[in-house]
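Text of data_35.txt (compact mmCIF, C-alpha atoms (C1' of nucleotides)) as supplied:
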```
# COMPACT_ATOMS: atom_id res chain seq x y z
CA MET F 1 0.00 0.00 0.00
CA THR F 2 1.83 3.03 -1.27
CA ALA F 3 0.85 6.68 -1.04
CA THR F 4 -2.38 7.31 -2.90
CA ALA F 5 -4.28 10.27 -4.23
CA ALA F 6 -6.69 9.94 -1.33
CA ALA F 7 -4.12 11.00 1.26
CA PRO F 8 -5.12 14.47 2.42
CA ARG F 9 -1.75 16.17 2.45
CA PRO F 10 1.88 15.33 2.06
CA PHE F 11 2.10 16.72 -1.43
CA SER F 12 5.61 17.78 -2.07
CA ASN F 13 4.48 20.57 -4.35
CA ALA F 14 1.56 22.52 -5.65
CA LEU F 15 1.60 20.86 -9.04
CA GLU F 16 1.13 17.39 -7.62
CA LEU F 17 -1.59 18.64 -5.40
CA LEU F 18 -3.54 20.13 -8.30
CA ARG F 19 -3.13 16.96 -10.31
CA ALA F 20 -4.47 14.87 -7.48
CA ALA F 21 -7.43 17.21 -7.26
CA LYS F 22 -7.99 16.95 -11.02
CA LEU F 23 -7.65 20.68 -11.45
CA ARG F 24 -5.71 22.10 -14.37
CA PRO F 25 -2.50 23.60 -13.15
CA THR F 26 -3.05 27.10 -14.37
CA ARG F 27 -0.78 29.97 -13.45
CA GLN F 28 -3.33 31.33 -10.98
CA ARG F 29 -4.13 28.06 -9.29
CA LEU F 30 -0.49 27.17 -8.94
CA ALA F 31 0.34 30.48 -7.38
CA LEU F 32 -2.58 30.30 -4.97
CA ALA F 33 -1.80 26.70 -4.05
CA ARG F 34 1.76 27.67 -3.27
CA MET F 35 0.73 30.55 -1.08
CA LEU F 36 -1.71 28.38 0.77
CA PHE F 37 0.12 25.13 1.19
CA GLU F 38 3.82 25.72 1.02
CA THR F 39 4.06 27.43 4.34
CA GLY F 40 2.55 25.91 7.49
CA ASP F 41 -1.14 25.93 8.30
CA ARG F 42 -2.93 29.10 7.34
CA HIS F 43 -6.24 30.86 7.92
CA VAL F 44 -7.05 33.37 5.25
CA THR F 45 -9.96 35.28 3.87
CA ALA F 46 -10.46 35.58 0.13
CA GLU F 47 -9.56 39.27 0.21
CA GLN F 48 -6.38 38.59 2.15
CA LEU F 49 -5.24 35.95 -0.27
CA HIS F 50 -6.08 38.18 -3.19
CA GLY F 51 -4.10 41.03 -1.66
CA GLU F 52 -1.18 38.74 -1.02
CA ALA F 53 -1.22 37.51 -4.58
CA ARG F 54 -1.23 40.99 -6.01
CA ALA F 55 1.52 42.01 -3.62
CA ALA F 56 3.54 39.14 -5.06
CA SER F 57 2.73 40.37 -8.56
CA VAL F 58 0.53 37.39 -9.33
CA ARG F 59 -2.17 38.68 -11.61
CA VAL F 60 -5.38 37.05 -10.48
CA SER F 61 -8.89 38.34 -10.08
CA LEU F 62 -10.90 38.17 -6.90
CA ALA F 63 -13.45 36.01 -8.69
CA THR F 64 -10.77 33.47 -9.44
CA VAL F 65 -9.60 33.52 -5.85
CA TYR F 66 -13.13 32.64 -4.77
CA ASN F 67 -13.48 30.00 -7.47
CA THR F 68 -10.20 28.44 -6.52
CA LEU F 69 -10.89 28.44 -2.81
CA HIS F 70 -14.18 26.67 -3.40
CA GLN F 71 -12.58 24.14 -5.70
CA PHE F 72 -9.97 23.45 -3.06
CA ILE F 73 -12.73 22.94 -0.52
CA SER F 74 -14.50 20.47 -2.81
CA ALA F 75 -11.22 18.66 -3.26
CA GLY F 76 -10.83 18.41 0.50
CA LEU F 77 -7.68 20.52 0.54
CA LEU F 78 -9.24 23.33 2.49
CA ARG F 79 -12.09 23.94 4.84
CA GLU F 80 -14.19 26.92 5.65
CA VAL F 81 -14.46 28.21 9.20
CA VAL F 82 -17.43 30.36 10.12
CA VAL F 83 -16.79 32.65 13.06
CA ASP F 84 -17.58 36.11 11.91
CA PRO F 85 -20.83 37.14 10.33
CA GLY F 86 -20.13 38.30 6.81
CA ARG F 87 -16.56 37.04 6.52
CA SER F 88 -15.37 33.59 5.55
CA TYR F 89 -12.09 32.10 6.66
CA PHE F 90 -10.39 29.30 4.79
CA ASP F 91 -8.25 26.91 6.78
CA THR F 92 -5.50 24.84 5.21
CA ASN F 93 -5.56 22.41 8.10
CA VAL F 94 -8.23 19.87 7.21
CA SER F 95 -7.54 17.46 10.05
CA ASP F 96 -9.86 17.29 13.03
CA HIS F 97 -9.20 20.32 15.16
CA HIS F 98 -10.75 23.42 16.63
CA HIS F 99 -10.11 27.15 16.91
CA PHE F 100 -9.38 30.13 19.05
CA PHE F 101 -10.92 33.23 17.55
CA HIS F 102 -9.48 36.57 18.60
CA GLU F 103 -12.55 38.77 18.55
CA ASP F 104 -10.70 42.06 18.56
CA SER F 105 -8.27 41.35 15.76
CA GLY F 106 -10.27 38.86 13.75
CA HIS F 107 -7.38 36.45 13.99
CA LEU F 108 -8.11 32.74 13.86
CA GLN F 109 -5.77 30.19 15.40
CA ASP F 110 -5.75 26.41 15.58
CA ILE F 111 -6.03 24.95 19.03
CA PRO F 112 -2.93 22.82 19.32
CA GLY F 113 -3.00 19.14 20.06
CA GLU F 114 -5.88 16.75 20.04
CA ARG F 115 -6.90 17.88 23.47
CA VAL F 116 -10.15 19.55 22.69
CA GLY F 117 -13.15 17.45 22.08
CA VAL F 118 -16.75 17.46 23.02
CA ALA F 119 -17.66 15.51 26.11
CA GLU F 120 -20.74 13.35 25.66
CA LEU F 121 -21.49 14.11 22.08
CA PRO F 122 -25.28 14.09 21.89
CA ALA F 123 -27.15 11.96 19.38
CA PRO F 124 -28.09 13.94 16.30
CA PRO F 125 -31.80 14.73 15.74
CA SER F 126 -33.42 11.68 14.22
CA GLY F 127 -33.08 11.37 10.48
CA THR F 128 -29.87 13.40 10.52
CA LYS F 129 -26.22 12.62 10.57
CA ILE F 130 -23.39 14.62 12.13
CA ARG F 131 -21.25 16.15 9.42
CA ARG F 132 -18.89 18.08 11.57
CA VAL F 133 -18.41 19.44 15.06
CA ASP F 134 -16.96 22.92 15.38
CA VAL F 135 -15.63 24.27 18.63
CA ILE F 136 -14.82 27.97 18.62
CA ILE F 137 -13.21 29.43 21.70
CA ARG F 138 -13.69 33.17 21.48
CA VAL F 139 -11.00 35.16 23.22
CA SER F 140 -10.10 38.81 23.55
CA PRO F 141 -7.38 40.75 25.37
CA GLU F 142 -7.48 40.11 29.09
CA ARG F 143 -8.31 43.66 30.05
CA ALA F 144 -10.60 44.55 27.18
CA ARG F 145 -14.41 44.71 27.04
CA MET Y 1 -33.69 39.10 48.35
CA THR Y 2 -36.47 39.56 45.85
CA ALA Y 3 -36.32 39.43 42.07
CA THR Y 4 -33.98 42.07 40.71
CA ALA Y 5 -33.33 43.73 37.39
CA ALA Y 6 -30.16 41.71 36.99
CA ALA Y 7 -31.97 38.41 36.62
CA PRO Y 8 -31.63 37.38 33.00
CA ARG Y 9 -35.11 36.17 32.29
CA PRO Y 10 -38.27 35.50 34.15
CA PHE Y 11 -39.92 38.69 33.03
CA SER Y 12 -43.62 38.25 33.03
CA ASN Y 13 -43.99 40.58 30.12
CA ALA Y 14 -42.25 42.55 27.47
CA LEU Y 15 -42.80 45.88 29.19
CA GLU Y 16 -40.96 44.83 32.31
CA LEU Y 17 -38.17 43.44 30.25
CA LEU Y 18 -37.68 46.68 28.35
CA ARG Y 19 -37.74 48.67 31.56
CA ALA Y 20 -35.07 46.48 33.07
CA ALA Y 21 -32.98 46.97 29.95
CA LYS Y 22 -33.50 50.74 30.15
CA LEU Y 23 -35.03 50.85 26.72
CA ARG Y 24 -38.05 53.00 26.04
CA PRO Y 25 -41.03 50.78 25.50
CA THR Y 26 -41.93 51.93 22.04
CA ARG Y 27 -44.58 50.25 19.97
CA GLN Y 28 -41.94 48.54 17.81
CA ARG Y 29 -39.75 47.35 20.64
CA LEU Y 30 -42.71 46.02 22.55
CA ALA Y 31 -43.96 44.09 19.58
CA LEU Y 32 -40.55 42.64 18.82
CA ALA Y 33 -39.94 41.75 22.46
CA ARG Y 34 -43.25 39.93 22.56
CA MET Y 35 -42.50 37.97 19.44
CA LEU Y 36 -39.11 37.03 20.72
CA PHE Y 37 -39.71 36.29 24.36
CA GLU Y 38 -43.29 35.36 24.90
CA THR Y 39 -43.03 32.00 23.25
CA GLY Y 40 -40.28 29.52 24.13
CA ASP Y 41 -36.70 29.81 23.00
CA ARG Y 42 -36.26 31.06 19.48
CA HIS Y 43 -33.61 31.37 16.81
CA VAL Y 44 -34.39 34.02 14.26
CA THR Y 45 -32.71 36.06 11.60
CA ALA Y 46 -33.45 39.75 11.27
CA GLU Y 47 -35.30 39.20 8.02
CA GLN Y 48 -37.43 36.47 9.55
CA LEU Y 49 -38.42 38.62 12.50
CA HIS Y 50 -39.15 41.51 10.21
CA GLY Y 51 -41.36 39.32 8.04
CA GLU Y 52 -43.15 38.00 11.06
CA ALA Y 53 -43.80 41.48 12.33
CA ARG Y 54 -45.21 42.63 9.04
CA ALA Y 55 -47.32 39.50 8.83
CA ALA Y 56 -48.73 40.46 12.20
CA SER Y 57 -49.39 43.99 10.92
CA VAL Y 58 -46.76 45.52 13.13
CA ARG Y 59 -45.34 48.42 11.18
CA VAL Y 60 -41.61 48.35 11.73
CA SER Y 61 -38.68 48.89 9.42
CA LEU Y 62 -35.87 46.44 8.90
CA ALA Y 63 -33.43 49.02 10.27
CA THR Y 64 -35.35 49.10 13.51
CA VAL Y 65 -35.38 45.34 13.69
CA TYR Y 66 -31.60 45.37 13.46
CA ASN Y 67 -31.28 48.21 15.96
CA THR Y 68 -33.52 46.44 18.38
CA LEU Y 69 -31.82 43.09 18.07
CA HIS Y 70 -28.48 44.72 18.81
CA GLN Y 71 -29.86 46.60 21.76
CA PHE Y 72 -31.27 43.35 23.11
CA ILE Y 73 -27.88 41.75 22.71
CA SER Y 74 -26.22 44.60 24.61
CA ALA Y 75 -28.80 44.19 27.32
CA GLY Y 76 -27.99 40.50 27.55
CA LEU Y 77 -31.46 39.43 26.48
CA LEU Y 78 -30.29 37.85 23.27
CA ARG Y 79 -27.18 36.41 21.76
CA GLU Y 80 -25.89 36.06 18.27
CA VAL Y 81 -24.98 32.69 16.84
CA VAL Y 82 -22.63 32.56 13.89
CA VAL Y 83 -23.01 29.43 11.80
CA ASP Y 84 -23.65 30.57 8.30
CA PRO Y 85 -21.48 32.99 6.38
CA GLY Y 86 -23.55 36.03 5.55
CA ARG Y 87 -26.47 35.34 7.84
CA SER Y 88 -26.84 36.15 11.55
CA TYR Y 89 -29.02 34.21 13.91
CA PHE Y 90 -30.31 35.65 17.14
CA ASP Y 91 -30.96 33.26 20.00
CA THR Y 92 -33.33 34.09 22.84
CA ASN Y 93 -31.70 31.49 25.04
CA VAL Y 94 -28.81 33.25 26.70
CA SER Y 95 -27.88 30.48 29.10
CA ASP Y 96 -24.86 28.31 28.50
CA HIS Y 97 -25.71 25.92 25.72
CA HIS Y 98 -24.78 24.78 22.25
CA HIS Y 99 -26.37 24.12 18.88
CA PHE Y 100 -27.27 21.70 16.18
CA PHE Y 101 -27.21 23.39 12.83
CA HIS Y 102 -29.18 21.77 10.01
CA GLU Y 103 -27.06 22.59 7.02
CA ASP Y 104 -29.71 21.85 4.43
CA SER Y 105 -32.54 23.87 5.93
CA GLY Y 106 -30.57 26.52 7.77
CA HIS Y 107 -32.43 25.58 10.93
CA LEU Y 108 -30.71 26.15 14.24
CA GLN Y 109 -31.63 24.13 17.31
CA ASP Y 110 -30.50 24.16 20.92
CA ILE Y 111 -28.80 21.03 22.12
CA PRO Y 112 -30.91 19.98 25.05
CA GLY Y 113 -29.56 19.50 28.51
CA GLU Y 114 -26.26 20.50 29.94
CA ARG Y 115 -24.62 17.48 28.42
CA VAL Y 116 -22.38 19.05 25.90
CA GLY Y 117 -19.20 20.64 27.06
CA VAL Y 118 -15.66 20.78 25.97
CA ALA Y 119 -13.37 18.20 27.45
CA GLU Y 120 -10.06 19.64 28.64
CA LEU Y 121 -10.67 23.24 27.81
CA PRO Y 122 -7.28 24.55 26.70
CA ALA Y 123 -5.72 27.61 28.28
CA PRO Y 124 -6.34 30.71 26.20
CA PRO Y 125 -3.38 32.29 24.38
CA SER Y 126 -1.45 34.39 26.88
CA GLY Y 127 -2.80 37.87 27.36
CA THR Y 128 -6.27 36.78 26.37
CA LYS Y 129 -9.36 35.70 28.19
CA ILE Y 130 -12.03 33.26 27.07
CA ARG Y 131 -15.22 35.14 26.34
CA ARG Y 132 -17.31 32.28 25.12
CA VAL Y 133 -17.11 28.75 23.84
CA ASP Y 134 -19.36 27.83 20.95
CA VAL Y 135 -19.99 24.27 19.94
CA ILE Y 136 -21.82 23.82 16.66
CA ILE Y 137 -22.79 20.33 15.62
CA ARG Y 138 -23.50 20.45 11.91
CA VAL Y 139 -26.03 17.89 10.76
CA SER Y 140 -27.83 17.10 7.53
CA PRO Y 141 -30.34 14.47 6.42
CA GLU Y 142 -28.97 10.97 6.89
CA ARG Y 143 -28.96 10.11 3.22
CA ALA Y 144 -27.99 13.48 1.80
CA ARG Y 145 -24.63 14.72 0.54
C1' DT G 1 -51.35 69.52 30.52
C1' DC G 2 -47.75 71.29 27.43
C1' DA G 3 -43.36 72.29 25.50
C1' DC G 4 -38.98 70.68 25.08
C1' DA G 5 -35.18 67.76 24.88
C1' DA G 6 -33.76 63.29 24.34
C1' DT G 7 -34.40 59.24 22.07
C1' DA G 8 -36.47 56.23 18.25
C1' DT G 9 -37.92 55.26 13.80
C1' DT G 10 -37.69 55.41 8.98
C1' DA G 11 -36.77 55.15 3.83
C1' DG G 12 -33.48 54.80 1.20
C1' DA G 13 -28.64 55.12 0.15
C1' DA G 14 -24.33 53.00 1.05
C1' DC G 15 -21.33 49.38 2.09
C1' DT G 16 -19.17 44.64 2.32
C1' DA G 17 -18.61 40.12 1.04
C1' DT G 18 -19.70 37.10 -2.34
C1' DT G 19 -21.60 35.19 -6.67
C1' DC G 20 -22.92 35.59 -11.37
C1' DT G 21 -22.45 36.65 -16.44
C1' DA G 22 -20.81 36.35 -20.73
C1' DA G 23 -16.73 37.55 -23.24
C1' DT G 24 -11.98 36.32 -23.75
C1' DC G 25 -8.13 33.42 -22.99
C1' DT G 26 -5.40 28.99 -22.06
C1' DA G 27 -4.45 24.14 -21.45
C1' DT G 28 -5.00 19.62 -23.19
C1' DT G 29 -5.82 16.26 -26.68
C1' DG G 30 -5.54 14.12 -31.00
C1' DC W 1 -1.24 22.92 -34.37
C1' DA W 2 -6.41 23.07 -34.46
C1' DA W 3 -10.30 22.14 -31.88
C1' DT W 4 -12.48 22.01 -27.63
C1' DA W 5 -13.17 21.88 -22.93
C1' DG W 6 -12.19 24.38 -19.21
C1' DA W 7 -10.39 28.73 -16.78
C1' DT W 8 -10.07 33.57 -16.08
C1' DT W 9 -11.76 38.07 -16.07
C1' DA W 10 -14.08 42.75 -15.38
C1' DG W 11 -17.77 44.32 -14.00
C1' DA W 12 -22.64 43.83 -12.86
C1' DA W 13 -25.67 41.77 -9.62
C1' DT W 14 -27.11 40.14 -5.17
C1' DA W 15 -27.70 39.54 -0.10
C1' DG W 16 -27.27 40.97 4.32
C1' DT W 17 -26.31 44.64 7.14
C1' DT W 18 -25.23 49.41 8.53
C1' DC W 19 -25.49 54.34 7.88
C1' DT W 20 -27.68 58.93 7.19
C1' DA W 21 -30.32 62.61 8.12
C1' DA W 22 -35.10 63.77 8.24
C1' DT W 23 -39.26 62.95 10.89
C1' DA W 24 -41.81 61.18 14.77
C1' DT W 25 -42.45 59.69 19.50
C1' DT W 26 -41.53 59.48 24.40
C1' DG W 27 -40.51 61.04 29.02
C1' DT W 28 -39.72 65.23 31.84
C1' DG W 29 -40.42 69.12 34.48
C1' DA W 30 -43.06 73.25 34.99
```
Encoded form (structure tokens):
Amino acid sequence: MTATAAAPRPFSNALELLRAAKLRPTRQRLALARMLFETGDRHVTAEQLHGEARAASVRVSLATVYNTLHQFISAGLLREVVVDPGRSYFDTNVSDHHHFFHEDSGHLQDIPGERVGVAELPAPPSGTKIRRVDVIIRVSPERAR
Amino acid sequence: MTATAAAPRPFSNALELLRAAKLRPTRQRLALARMLFETGDRHVTAEQLHGEARAASVRVSLATVYNTLHQFISAGLLREVVVDPGRSYFDTNVSDHHHFFHEDSGHLQDIPGERVGVAELPAPPSGTKIRRVDVIIRVSPERAR
DNA sequence: TCACAATATTAGAACTATTCTAATCTATTG
DNA sequence: CAATAGATTAGAATAGTTCTAATATTGTGA
């Protein structure tokens, strides 16, 4: 049993990753994939990523950034984290984990380790199935509020 | 020690509740408070509440619905639940509890009992304080997806 | 009760994040 | 290298929410 396309990460490079996801390796997708996956885990908004791309002289439209992010989600390379009304965060860490959300700065941070979990997970309402459990720990500066 | 203004709920009526929150009992606020608090726990969006009001022939603008919801949040009568990008839910249950979110229908539901909690709550990042812990269990119809 | 000041409400404009459209461009395949 | 399927784009459109500034209502103190 060797490494297969189903494995969620260890892609040595963006090109491989796009191939595995059956997405044409266009200039834009390659650049975005590199920005997202070649550094450690990241939490970005579409606007942030777009800004970053332009700052790096990658010519890409905001529409393409959105398209690409959604394609990456469908491919299981990315997941969306909902913490702020009217702003979507995209998380490159797709393993089971949860988040600290810094309410003042809007910064999102993985909770390290596998230490957080829900005690006594309740049964889902009948006829439904649990798709995901999100734990958001909202924090703000000690003295604030 | 009799009932005081600090107690979060048992208000027999909307008028009392507004008084305790130091909000003038205007026609609109009274109507909205009744719709929100005189039946059991509710989860509504601003648009839903607005529609309901109009259906009940309460003349109130959407702007006022938003203003009022935010004032109720500030007064601790309501809390916001963030589960859906670009849509805010307002929850009349302000006690410690968590939610099932039905991804297909957009329906939000309290998880009954005090059974859900986070095991081994991690320490917050230094310099910060935990303001709230949200657990969202996302469900969808058994067969769907 | 009345007049006044403080507070609320409103319609509609504005704003933000996101999605859509349909025209143009690019990658892949034979 | 031509044909075609798929990708990108600018800009328009949309959805939810907030803002603005004009008007209306409420509580108060005489």
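All protein and nucleic acid residues in the vicinity of (-9.8, 34.0, -3.9), that is within 9 Å when counting only C-alpha atoms (C1' of nucleotides), are Leu32, Thr45, Ala46, Glu47, Gln48, Leu49, His50, Val60, Ser61, Leu62, Ala63, Thr64, Val65, Tyr66, Asn67, Thr68, Leu69 and His70 of chain F.
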The selected residues should be written to file as an mmCIF file, keeping the file's coordinate frame (atoms: C-alpha atoms).
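Saved the output as again22.cif:
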```
data_model
loop_
_atom_site.group_PDB
_atom_site.id
_atom_site.type_symbol
_atom_site.label_atom_id
_atom_site.label_comp_id
_atom_site.auth_asym_id
_atom_site.auth_seq_id
_atom_site.Cartn_x
_atom_site.Cartn_y
_atom_site.Cartn_z
ATOM 1 C CA LEU F 32 -2.580 30.300 -4.970
ATOM 2 C CA THR F 45 -9.960 35.280 3.870
ATOM 3 C CA ALA F 46 -10.460 35.580 0.130
ATOM 4 C CA GLU F 47 -9.560 39.270 0.210
ATOM 5 C CA GLN F 48 -6.380 38.590 2.150
ATOM 6 C CA LEU F 49 -5.240 35.950 -0.270
ATOM 7 C CA HIS F 50 -6.080 38.180 -3.190
ATOM 8 C CA VAL F 60 -5.380 37.050 -10.480
ATOM 9 C CA SER F 61 -8.890 38.340 -10.080
ATOM 10 C CA LEU F 62 -10.900 38.170 -6.900
ATOM 11 C CA ALA F 63 -13.450 36.010 -8.690
ATOM 12 C CA THR F 64 -10.770 33.470 -9.440
ATOM 13 C CA VAL F 65 -9.600 33.520 -5.850
ATOM 14 C CA TYR F 66 -13.130 32.640 -4.770
ATOM 15 C CA ASN F 67 -13.480 30.000 -7.470
ATOM 16 C CA THR F 68 -10.200 28.440 -6.520
ATOM 17 C CA LEU F 69 -10.890 28.440 -2.810
ATOM 18 C CA HIS F 70 -14.180 26.670 -3.400
#
```
Show me, as a PyMOL selection string, the residues of chain Y whose atoms get within 8 Å of chain W, using all atoms listed in the file for the distance check. chain Y and resi 24+26+86-87
With all atoms listed in the file considered, list every residue of chain G at most 8 Å from chain Y, as a PDB file with C-alpha atoms (C1' of nucleotides), keeping the file's coordinate frame.
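For reference, part05.pdb as written:
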```pdb
ATOM      1  C1'  DA G   8     -36.470  56.230  18.250  1.00  0.00           C
ATOM      2  C1'  DT G   9     -37.920  55.260  13.800  1.00  0.00           C
ATOM      3  C1'  DT G  10     -37.690  55.410   8.980  1.00  0.00           C
ATOM      4  C1'  DA G  17     -18.610  40.120   1.040  1.00  0.00           C
TER       5       DA G  17
END
```
The centre and edge lengths of an axis-aligned box containing all atoms of range 101-115 of chain F present in the file, extended by 8 Å on each side, are to be given in Å to one decimal, as lines of an AutoDock Vina configuration file.
```
center_x = -7.7
center_y = 29.4
center_z = 18.6
size_x = 25.6
size_y = 41.3
size_z = 25.7
```
I'd like the interatomic distance between CA of Leu121 in chain F and CA of Arg115 in chain Y, to a tenth of an Å.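 So the two atoms, CA of Leu121 in chain F and CA of Arg115 in chain Y, lie 7.8 Å apart.
For the pair CA of Ile136 in chain F and CA of Val135 in chain Y, the interatomic distance is 6.5 Å.
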Atom pair CA of Thr92 in chain Y / CA of Arg79 in chain Y: separation (Å):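 Those two atoms sit 6.7 Å apart.
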Residues of chain Y within 6 Å of chain F, counting only C-alpha atoms - could you list those as a VMD selection string? chain Y and resid 82 to 83 85 to 86 116 to 120 127 to 142
Which residue out of Y:Asp110, Y:Ala55, Y:Ala21, Y:Gly76 has the minimum interatomic distance to Gly40 in chain Y when all atoms listed in the file are used? Y:Asp110
